[in-house]
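Here the structure comes first, spelled out in structure tokens, and everything after it is commentary.
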Amino acid sequence: MQIETNISLKPYNTFGIDVKAKKYVSINEVAELVSILKEYSSDDLFILSGGSNMLLTTDISSLVVHLNLNGIETVYEDDHIIRLKIAAGENWHKVVNYCLERDYGGIENLSLIPGNTGSTPIQNIGAYGVEIKDVLVSCDAINISNQQIRTFHLSECKFGYRDSVFKNELKGQYIITSVTLELTKKGHFLKTEYGAINTELQKRDVTNPTIQDISEAVVKIRSEKLPDPKEIGNSGSFFKNPIVSLEKYKTLKNNFEDIPSYQVSDSEVKIPAGWLIEKSGFKGKRFGEYGVHKNQALVLVNYGNASGNEIYQLSELIKLTIDRIFGIQIETEVNIF
Ligand code: EPU
């Protein structure tokens with residue numbers, strides 16, 4: 001373990017923003033993390049995982065701790081299920097492929113989501129009708145102030161839509177070191193009801209889908225809509241889909257007949273932020289080195305040399321415009337530093 005100085009973070013954030021870490025250390029073992037946490041106070045540390053859900057707007061003067069913990073271990077197995085304990089630094093899509101190769105079902109709908117496994121519980125990643133909470137048994141996390149490892153069972157994670165205890169009351173207090181998932185070995189529970197998956201399976205004449213078919217369909221859908229961060233810098237959905245009251249929705253529907261919506265409870269409706277942004281005229285707009293993606297308006301992109309601040313300013317403009325047109329305050333999904 002070696003502390004390096006003046007390292008560009010461009011390769012370590014999927015937005016590809018070129019800011020510098022004044023001090024940087026790559027962590028490969030929990031013991032290394034413990035020793036760093038003993039030496040530095042939490043205010044002097046900046047924890048970096050897959051860098052796929054962040055926008056960096058400034059150089060980082062704290063010590064950047066890059067979590068590269070690796071390993072996948074079977075902790076329980078019977079004829080029907082398997083429990084895998086996956087180290088936080090494992091690339092998420094590689095984990096999905098590891099499971100598909102062995103025919104372990106449960107995370108096929110979460111194919112191609114950028115980032116590392118340790119971040120998946122923080123924002124309860126979700127796509128095409130599945131969230132990490134549906135397969136998560138527990139996660140281990142290290143308490144930054146006393147270095148004790150604590151196991152958080154499913155209910156203790158307090159999962160919600162792109163939300164968990166780690167974004168709220170325990171924000172900044174724990175670092176997730178591993179995640180334990182329960183997957184099926186047979187009798188997989190397939191989730192194909194999300195419109196685009198069914199359509200894609202039909203196109204392929206698949207009537208009896210396997211988990212591999214579903215993954216392929218998801219990969220196809222995602223690749224068409226979402227830019228590959230290796231080619232165009234981005235952080236996936238920049239905003240969360242807003243949830244509004246049924247009353248508010250009815251008023252909007254009177255003015256915007258084609259507004260899409262998903263009922264989330266008796267009194268609330270989720271509106272796709274992508275639609276609001278498109279309707280506001282931002283979809284596909286390019287401003288020099290940055291802009292709004294042409295196929296999915298929820299995604300802000302860096303064409304190469306944008307600064308984090310430029311993208312942040314664009315996001316603020318989008319928020320203000322949507323508030324003005326629709327009276328809805330959308331929230332950012334990515335973390336801005
Ligand atoms: N839409 C538009 N214009 C756009 C984009 C979307 O009108 O440019 C409307 C369409 O009506 C479409 C609807 O929004 O039918 C939903 O679009 P989509 O299926 O692409 O899903 P989303 O709500 O925009 C969410 C997640 C994605 C996830 C997809 C699929 C959030 C913030 N985003 O997007 O997650 O992949 O559903 O499940 O919930 C991410 O979090 O980084 C991410 C990519």
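Residues are referred to by chain and number: the chain letter is A, B, ... according to the order shown in the structure tokens, the number counts from 1 in that chain, and ligands are numbered separately from 1 in the order shown.
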Each chain A residue no farther than 9 Å from ligand 1, nearest pair in Å, only C-alpha atoms and all ligand atoms, as JSON lines:
```
{"residue": "A:Ser52", "atom": "CA", "partner": "ligand 1", "partner_atom_place_in_ligand_line": "42 (O)", "distance": 8.7}
{"residue": "A:Asn53", "atom": "CA", "partner": "ligand 1", "partner_atom_place_in_ligand_line": "42 (O)", "distance": 7.7}
{"residue": "A:Asn109", "atom": "CA", "partner": "ligand 1", "partner_atom_place_in_ligand_line": "38 (O)", "distance": 8.6}
{"residue": "A:Leu110", "atom": "CA", "partner": "ligand 1", "partner_atom_place_in_ligand_line": "36 (O)", "distance": 8.3}
{"residue": "A:Ile113", "atom": "CA", "partner": "ligand 1", "partner_atom_place_in_ligand_line": "44 (C)", "distance": 7.4}
{"residue": "A:Pro114", "atom": "CA", "partner": "ligand 1", "partner_atom_place_in_ligand_line": "42 (O)", "distance": 8.3}
{"residue": "A:Gln123", "atom": "CA", "partner": "ligand 1", "partner_atom_place_in_ligand_line": "41 (O)", "distance": 8.8}
{"residue": "A:Ile125", "atom": "CA", "partner": "ligand 1", "partner_atom_place_in_ligand_line": "41 (O)", "distance": 6.5}
{"residue": "A:Gly126", "atom": "CA", "partner": "ligand 1", "partner_atom_place_in_ligand_line": "35 (O)", "distance": 6.3}
{"residue": "A:Ala127", "atom": "CA", "partner": "ligand 1", "partner_atom_place_in_ligand_line": "38 (O)", "distance": 3.3}
{"residue": "A:Tyr128", "atom": "CA", "partner": "ligand 1", "partner_atom_place_in_ligand_line": "38 (O)", "distance": 3.6}
{"residue": "A:Gly129", "atom": "CA", "partner": "ligand 1", "partner_atom_place_in_ligand_line": "38 (O)", "distance": 6.1}
{"residue": "A:Val130", "atom": "CA", "partner": "ligand 1", "partner_atom_place_in_ligand_line": "38 (O)", "distance": 7.8}
{"residue": "A:Tyr161", "atom": "CA", "partner": "ligand 1", "partner_atom_place_in_ligand_line": "39 (O)", "distance": 7.7}
{"residue": "A:Arg162", "atom": "CA", "partner": "ligand 1", "partner_atom_place_in_ligand_line": "39 (O)", "distance": 7.2}
{"residue": "A:Tyr194", "atom": "CA", "partner": "ligand 1", "partner_atom_place_in_ligand_line": "38 (O)", "distance": 7.8}
{"residue": "A:Gly195", "atom": "CA", "partner": "ligand 1", "partner_atom_place_in_ligand_line": "19 (O)", "distance": 8.3}
{"residue": "A:Ala196", "atom": "CA", "partner": "ligand 1", "partner_atom_place_in_ligand_line": "19 (O)", "distance": 7.4}
{"residue": "A:Val218", "atom": "CA", "partner": "ligand 1", "partner_atom_place_in_ligand_line": "30 (C)", "distance": 8.9}
{"residue": "A:Ile221", "atom": "CA", "partner": "ligand 1", "partner_atom_place_in_ligand_line": "20 (O)", "distance": 8.9}
{"residue": "A:Arg222", "atom": "CA", "partner": "ligand 1", "partner_atom_place_in_ligand_line": "36 (O)", "distance": 7.0}
{"residue": "A:Lys225", "atom": "CA", "partner": "ligand 1", "partner_atom_place_in_ligand_line": "20 (O)", "distance": 7.0}
{"residue": "A:Leu226", "atom": "CA", "partner": "ligand 1", "partner_atom_place_in_ligand_line": "44 (C)", "distance": 7.2}
{"residue": "A:Ser235", "atom": "CA", "partner": "ligand 1", "partner_atom_place_in_ligand_line": "42 (O)", "distance": 6.5}
{"residue": "A:Gly236", "atom": "CA", "partner": "ligand 1", "partner_atom_place_in_ligand_line": "42 (O)", "distance": 3.6}
{"residue": "A:Ser237", "atom": "CA", "partner": "ligand 1", "partner_atom_place_in_ligand_line": "42 (O)", "distance": 3.8}
{"residue": "A:Phe238", "atom": "CA", "partner": "ligand 1", "partner_atom_place_in_ligand_line": "42 (O)", "distance": 6.9}
{"residue": "A:Phe239", "atom": "CA", "partner": "ligand 1", "partner_atom_place_in_ligand_line": "32 (C)", "distance": 5.6}
{"residue": "A:Lys240", "atom": "CA", "partner": "ligand 1", "partner_atom_place_in_ligand_line": "32 (C)", "distance": 3.9}
{"residue": "A:Asn241", "atom": "CA", "partner": "ligand 1", "partner_atom_place_in_ligand_line": "32 (C)", "distance": 5.0}
{"residue": "A:Pro242", "atom": "CA", "partner": "ligand 1", "partner_atom_place_in_ligand_line": "32 (C)", "distance": 8.6}
{"residue": "A:Asp258", "atom": "CA", "partner": "ligand 1", "partner_atom_place_in_ligand_line": "11 (O)", "distance": 8.8}
{"residue": "A:Ile259", "atom": "CA", "partner": "ligand 1", "partner_atom_place_in_ligand_line": "11 (O)", "distance": 7.6}
{"residue": "A:Pro260", "atom": "CA", "partner": "ligand 1", "partner_atom_place_in_ligand_line": "11 (O)", "distance": 5.4}
{"residue": "A:Ser261", "atom": "CA", "partner": "ligand 1", "partner_atom_place_in_ligand_line": "11 (O)", "distance": 8.0}
{"residue": "A:Lys270", "atom": "CA", "partner": "ligand 1", "partner_atom_place_in_ligand_line": "23 (O)", "distance": 8.9}
{"residue": "A:Ile271", "atom": "CA", "partner": "ligand 1", "partner_atom_place_in_ligand_line": "14 (O)", "distance": 7.7}
{"residue": "A:Pro272", "atom": "CA", "partner": "ligand 1", "partner_atom_place_in_ligand_line": "14 (O)", "distance": 4.5}
{"residue": "A:Ala273", "atom": "CA", "partner": "ligand 1", "partner_atom_place_in_ligand_line": "24 (O)", "distance": 6.5}
{"residue": "A:Gly274", "atom": "CA", "partner": "ligand 1", "partner_atom_place_in_ligand_line": "5 (C)", "distance": 3.8}
{"residue": "A:Trp275", "atom": "CA", "partner": "ligand 1", "partner_atom_place_in_ligand_line": "7 (O)", "distance": 3.3}
{"residue": "A:Leu276", "atom": "CA", "partner": "ligand 1", "partner_atom_place_in_ligand_line": "7 (O)", "distance": 7.1}
{"residue": "A:Ile277", "atom": "CA", "partner": "ligand 1", "partner_atom_place_in_ligand_line": "8 (O)", "distance": 7.1}
{"residue": "A:Glu278", "atom": "CA", "partner": "ligand 1", "partner_atom_place_in_ligand_line": "3 (N)", "distance": 5.3}
{"residue": "A:Lys279", "atom": "CA", "partner": "ligand 1", "partner_atom_place_in_ligand_line": "7 (O)", "distance": 7.5}
{"residue": "A:Lys283", "atom": "CA", "partner": "ligand 1", "partner_atom_place_in_ligand_line": "8 (O)", "distance": 6.3}
{"residue": "A:Gly284", "atom": "CA", "partner": "ligand 1", "partner_atom_place_in_ligand_line": "8 (O)", "distance": 8.7}
{"residue": "A:His293", "atom": "CA", "partner": "ligand 1", "partner_atom_place_in_ligand_line": "8 (O)", "distance": 8.0}
{"residue": "A:Lys294", "atom": "CA", "partner": "ligand 1", "partner_atom_place_in_ligand_line": "8 (O)", "distance": 7.4}
{"residue": "A:Asn295", "atom": "CA", "partner": "ligand 1", "partner_atom_place_in_ligand_line": "8 (O)", "distance": 5.8}
{"residue": "A:Gln296", "atom": "CA", "partner": "ligand 1", "partner_atom_place_in_ligand_line": "8 (O)", "distance": 3.7}
{"residue": "A:Ala297", "atom": "CA", "partner": "ligand 1", "partner_atom_place_in_ligand_line": "8 (O)", "distance": 3.7}
{"residue": "A:Leu298", "atom": "CA", "partner": "ligand 1", "partner_atom_place_in_ligand_line": "24 (O)", "distance": 6.0}
{"residue": "A:Val299", "atom": "CA", "partner": "ligand 1", "partner_atom_place_in_ligand_line": "44 (C)", "distance": 7.8}
{"residue": "A:Thr332", "atom": "CA", "partner": "ligand 1", "partner_atom_place_in_ligand_line": "32 (C)", "distance": 8.9}
{"residue": "A:Glu333", "atom": "CA", "partner": "ligand 1", "partner_atom_place_in_ligand_line": "32 (C)", "distance": 6.8}
{"residue": "A:Val334", "atom": "CA", "partner": "ligand 1", "partner_atom_place_in_ligand_line": "42 (O)", "distance": 8.4}
```
DSSP alpha helix (DSSP H) selection over segment 35-81 of chain A, as a ChimeraX atom specification: /A:35-39
Selection near segment 310-322 of chain A, 9 Å with only C-alpha atoms, sequence-local residues under 2 positions removed, as number ranges by chain: A: 55, 57, 238-239, 276-277, 280, 282, 290-292, 300-302, 306-308, 324-332, 336
Selection: 8 Å around Ser178 of chain A, only C-alpha atoms, excl. self and same-chain fewer than 3 positions, as a ChimeraX atom specification: /A:85-88,117-118,139-141
Deliver the residues from the most recent selection as a file, using N, CA, C and O atoms, as a PDB file, in the first residue's frame.
```pdb
ATOM      1  N   LYS A  85     -20.825 -14.318  -1.165  1.00  0.00           N
ATOM      2  CA  LYS A  85     -20.315 -13.121  -0.497  1.00  0.00           C
ATOM      3  C   LYS A  85     -19.312 -12.484  -1.450  1.00  0.00           C
ATOM      4  O   LYS A  85     -18.299 -13.094  -1.797  1.00  0.00           O
ATOM      5  N   ILE A  86     -19.628 -11.271  -1.893  1.00  0.00           N
ATOM      6  CA  ILE A  86     -18.862 -10.646  -2.968  1.00  0.00           C
ATOM      7  C   ILE A  86     -18.154  -9.406  -2.426  1.00  0.00           C
ATOM      8  O   ILE A  86     -18.791  -8.524  -1.831  1.00  0.00           O
ATOM      9  N   ALA A  87     -16.851  -9.351  -2.631  1.00  0.00           N
ATOM     10  CA  ALA A  87     -16.082  -8.210  -2.113  1.00  0.00           C
ATOM     11  C   ALA A  87     -16.478  -6.930  -2.854  1.00  0.00           C
ATOM     12  O   ALA A  87     -16.814  -6.949  -4.044  1.00  0.00           O
ATOM     13  N   ALA A  88     -16.410  -5.818  -2.112  1.00  0.00           N
ATOM     14  CA  ALA A  88     -16.940  -4.535  -2.598  1.00  0.00           C
ATOM     15  C   ALA A  88     -16.334  -4.072  -3.915  1.00  0.00           C
ATOM     16  O   ALA A  88     -16.998  -3.416  -4.715  1.00  0.00           O
ATOM     17  N   THR A 117     -19.565  -3.651  -6.860  1.00  0.00           N
ATOM     18  CA  THR A 117     -20.573  -4.313  -6.033  1.00  0.00           C
ATOM     19  C   THR A 117     -20.835  -3.582  -4.710  1.00  0.00           C
ATOM     20  O   THR A 117     -21.970  -3.516  -4.250  1.00  0.00           O
ATOM     21  N   GLY A 118     -19.779  -3.015  -4.121  1.00  0.00           N
ATOM     22  CA  GLY A 118     -19.940  -2.360  -2.823  1.00  0.00           C
ATOM     23  C   GLY A 118     -20.893  -1.177  -2.860  1.00  0.00           C
ATOM     24  O   GLY A 118     -21.468  -0.796  -1.833  1.00  0.00           O
ATOM     25  N   CYS A 139     -25.044  -7.034   4.077  1.00  0.00           N
ATOM     26  CA  CYS A 139     -23.754  -6.528   3.623  1.00  0.00           C
ATOM     27  C   CYS A 139     -22.899  -6.229   4.835  1.00  0.00           C
ATOM     28  O   CYS A 139     -23.424  -5.903   5.913  1.00  0.00           O
ATOM     29  N   ASP A 140     -21.603  -6.389   4.683  1.00  0.00           N
ATOM     30  CA  ASP A 140     -20.663  -6.084   5.758  1.00  0.00           C
ATOM     31  C   ASP A 140     -20.099  -4.692   5.502  1.00  0.00           C
ATOM     32  O   ASP A 140     -19.781  -4.354   4.355  1.00  0.00           O
ATOM     33  N   ALA A 141     -19.984  -3.937   6.572  1.00  0.00           N
ATOM     34  CA  ALA A 141     -19.458  -2.582   6.418  1.00  0.00           C
ATOM     35  C   ALA A 141     -18.572  -2.268   7.610  1.00  0.00           C
ATOM     36  O   ALA A 141     -18.773  -2.781   8.710  1.00  0.00           O
TER      37      ALA A 141
END
```
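In this comparison, which uses only C-alpha atoms, the residue of A:Gln147, A:Thr5, A:Ser119, A:Thr184 approaching Asp78 of chain A most closely is A:Thr184.
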List the neighbours of Ser164 of chain A out to 8 Å using only C-alpha atoms; skip same-chain residues closer than 3 positions along the sequence, and give me the result as a PDB file with all heavy atoms, in the first residue's frame.
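So the final result, stored in out_25.pdb, reads:
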```pdb
ATOM      1  N   PRO A 121     -25.699  -1.533  -2.722  1.00  0.00           N
ATOM      2  CA  PRO A 121     -26.734  -1.305  -1.703  1.00  0.00           C
ATOM      3  C   PRO A 121     -26.930   0.172  -1.364  1.00  0.00           C
ATOM      4  O   PRO A 121     -27.999   0.549  -0.902  1.00  0.00           O
ATOM      5  CB  PRO A 121     -26.214  -2.044  -0.462  1.00  0.00           C
ATOM      6  CG  PRO A 121     -25.008  -2.792  -0.886  1.00  0.00           C
ATOM      7  CD  PRO A 121     -24.506  -2.159  -2.135  1.00  0.00           C
ATOM      8  N   ILE A 122     -25.898   0.986  -1.583  1.00  0.00           N
ATOM      9  CA  ILE A 122     -25.994   2.376  -1.123  1.00  0.00           C
ATOM     10  C   ILE A 122     -27.187   3.057  -1.777  1.00  0.00           C
ATOM     11  O   ILE A 122     -28.019   3.656  -1.115  1.00  0.00           O
ATOM     12  CB  ILE A 122     -24.676   3.137  -1.402  1.00  0.00           C
ATOM     13  CG1 ILE A 122     -23.550   2.486  -0.592  1.00  0.00           C
ATOM     14  CG2 ILE A 122     -24.818   4.622  -1.045  1.00  0.00           C
ATOM     15  CD1 ILE A 122     -22.178   3.078  -0.796  1.00  0.00           C
ATOM     16  N   GLN A 123     -27.282   2.912  -3.105  1.00  0.00           N
ATOM     17  CA  GLN A 123     -28.431   3.552  -3.764  1.00  0.00           C
ATOM     18  C   GLN A 123     -29.446   2.512  -4.211  1.00  0.00           C
ATOM     19  O   GLN A 123     -30.307   2.822  -5.028  1.00  0.00           O
ATOM     20  CB  GLN A 123     -27.965   4.443  -4.902  1.00  0.00           C
ATOM     21  CG  GLN A 123     -27.143   3.730  -5.928  1.00  0.00           C
ATOM     22  CD  GLN A 123     -27.307   4.341  -7.297  1.00  0.00           C
ATOM     23  OE1 GLN A 123     -28.269   5.048  -7.546  1.00  0.00           O
ATOM     24  NE2 GLN A 123     -26.393   4.073  -8.191  1.00  0.00           N
ATOM     25  N   ASN A 124     -29.351   1.288  -3.695  1.00  0.00           N
ATOM     26  CA  ASN A 124     -30.310   0.227  -4.060  1.00  0.00           C
ATOM     27  C   ASN A 124     -30.512   0.214  -5.575  1.00  0.00           C
ATOM     28  O   ASN A 124     -31.601   0.490  -6.080  1.00  0.00           O
ATOM     29  CB  ASN A 124     -31.641   0.440  -3.313  1.00  0.00           C
ATOM     30  CG  ASN A 124     -32.653  -0.670  -3.610  1.00  0.00           C
ATOM     31  OD1 ASN A 124     -32.284  -1.791  -3.969  1.00  0.00           O
ATOM     32  ND2 ASN A 124     -33.922  -0.336  -3.468  1.00  0.00           N
ATOM     33  N   CYS A 157     -30.961  -2.311   6.226  1.00  0.00           N
ATOM     34  CA  CYS A 157     -30.484  -1.425   5.147  1.00  0.00           C
ATOM     35  C   CYS A 157     -31.530  -0.371   4.783  1.00  0.00           C
ATOM     36  O   CYS A 157     -31.214   0.599   4.102  1.00  0.00           O
ATOM     37  CB  CYS A 157     -30.130  -2.241   3.907  1.00  0.00           C
ATOM     38  SG  CYS A 157     -28.772  -3.389   4.175  1.00  0.00           S
ATOM     39  N   LYS A 158     -32.790  -0.566   5.221  1.00  0.00           N
ATOM     40  CA  LYS A 158     -33.884   0.399   4.989  1.00  0.00           C
ATOM     41  C   LYS A 158     -33.941   0.863   3.530  1.00  0.00           C
ATOM     42  O   LYS A 158     -33.849   2.062   3.231  1.00  0.00           O
ATOM     43  CB  LYS A 158     -33.744   1.605   5.923  1.00  0.00           C
ATOM     44  CG  LYS A 158     -33.794   1.223   7.387  1.00  0.00           C
ATOM     45  CD  LYS A 158     -33.877   2.458   8.256  1.00  0.00           C
ATOM     46  CE  LYS A 158     -33.793   2.088   9.731  1.00  0.00           C
ATOM     47  NZ  LYS A 158     -33.524   3.212  10.590  1.00  0.00           N
ATOM     48  N   PHE A 159     -34.071  -0.110   2.646  1.00  0.00           N
ATOM     49  CA  PHE A 159     -34.062   0.210   1.228  1.00  0.00           C
ATOM     50  C   PHE A 159     -35.330   0.909   0.765  1.00  0.00           C
ATOM     51  O   PHE A 159     -36.428   0.600   1.236  1.00  0.00           O
ATOM     52  CB  PHE A 159     -33.892  -1.074   0.400  1.00  0.00           C
ATOM     53  CG  PHE A 159     -32.505  -1.644   0.454  1.00  0.00           C
ATOM     54  CD1 PHE A 159     -32.295  -2.966   0.844  1.00  0.00           C
ATOM     55  CD2 PHE A 159     -31.403  -0.869   0.109  1.00  0.00           C
ATOM     56  CE1 PHE A 159     -31.008  -3.498   0.879  1.00  0.00           C
ATOM     57  CE2 PHE A 159     -30.120  -1.395   0.144  1.00  0.00           C
ATOM     58  CZ  PHE A 159     -29.927  -2.713   0.530  1.00  0.00           C
ATOM     59  N   GLY A 160     -35.162   1.854  -0.149  1.00  0.00           N
ATOM     60  CA  GLY A 160     -36.279   2.503  -0.833  1.00  0.00           C
ATOM     61  C   GLY A 160     -35.852   2.722  -2.274  1.00  0.00           C
ATOM     62  O   GLY A 160     -34.786   2.231  -2.680  1.00  0.00           O
ATOM     63  N   LYS A 167     -27.455   6.268   2.770  1.00  0.00           N
ATOM     64  CA  LYS A 167     -27.567   7.613   2.186  1.00  0.00           C
ATOM     65  C   LYS A 167     -28.236   8.555   3.167  1.00  0.00           C
ATOM     66  O   LYS A 167     -28.356   9.730   2.892  1.00  0.00           O
ATOM     67  CB  LYS A 167     -28.430   7.560   0.911  1.00  0.00           C
ATOM     68  CG  LYS A 167     -27.694   7.057  -0.303  1.00  0.00           C
ATOM     69  CD  LYS A 167     -28.603   6.985  -1.493  1.00  0.00           C
ATOM     70  CE  LYS A 167     -28.743   8.304  -2.224  1.00  0.00           C
ATOM     71  NZ  LYS A 167     -29.506   8.130  -3.482  1.00  0.00           N
ATOM     72  N   ASN A 168     -28.712   8.000   4.279  1.00  0.00           N
ATOM     73  CA  ASN A 168     -29.467   8.818   5.220  1.00  0.00           C
ATOM     74  C   ASN A 168     -28.795   8.842   6.583  1.00  0.00           C
ATOM     75  O   ASN A 168     -27.731   9.417   6.718  1.00  0.00           O
ATOM     76  CB  ASN A 168     -30.918   8.326   5.277  1.00  0.00           C
ATOM     77  CG  ASN A 168     -31.623   8.576   3.955  1.00  0.00           C
ATOM     78  OD1 ASN A 168     -31.824   9.716   3.587  1.00  0.00           O
ATOM     79  ND2 ASN A 168     -31.939   7.535   3.217  1.00  0.00           N
TER      80      ASN A 168
END
```
Select from segment 168-239 of chain A everything DSSP, run on the backbone, classes as strand (DSSP E), then give the selection as a count of residues only. 13
In terms of only C-alpha atoms, the residue from A:Glu182, A:Glu257, A:Glu108, A:Glu90 at minimal distance from Val135 of chain A is A:Glu182
If you measure from atom CA of Lys253 of chain A to atom CA of Glu131 of chain A, what distance in Å do you get, rounded to one decimal?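 Taking atom CA of Lys253 of chain A and atom CA of Glu131 of chain A, their separation equals 28.6 Å.
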Find the residues near Leu56 of chain A: any atom within 8 Å, counting only C-alpha atoms, skip ones fewer than 3 places away on the same chain, and give them as a PyMOL selection string. chain A and resi 17+19+59+308-309+336-337
Serialized selection, C-alpha atoms, as a CSV table (one decimal), in the first residue's frame:
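The file below, result-v9.csv, is the result:
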```
chain,number,residue,atom,x,y,z
A,17,ILE,CA,-13.7,14.3,-15.3
A,19,VAL,CA,-9.6,16.4,-11.5
A,59,ASP,CA,-9.6,18.7,-7.1
A,308,GLY,CA,-17.5,18.8,-13.7
A,309,ASN,CA,-18.7,22.4,-13.1
A,336,ILE,CA,-21.7,15.9,-6.6
A,337,PHE,CA,-18.4,16.7,-5.0
```
For Ser42 of chain A: contacts at 9 Å, only C-alpha atoms, fewer than 3 positions along chain excluded, given as a VMD selection string: chain A and resid 37 45 to 46 144 to 145 172 to 173
With only C-alpha atoms as the atoms that count, which of A:Leu154, A:Leu112, A:Val244, A:Leu252 lies nearest to Val269 of chain A?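 Of the candidates, the smallest distance to Val269 of chain A is held by A:Val244.
In this structure, atom CA of Leu201 of chain A sits 22.4 Å away from atom CA of Asp228 of chain A.
Across A:Ala21, A:Val75, A:Ile60, A:Val65, the tightest approach to Met1 of chain A is made by A:Val65 when counting only C-alpha atoms.
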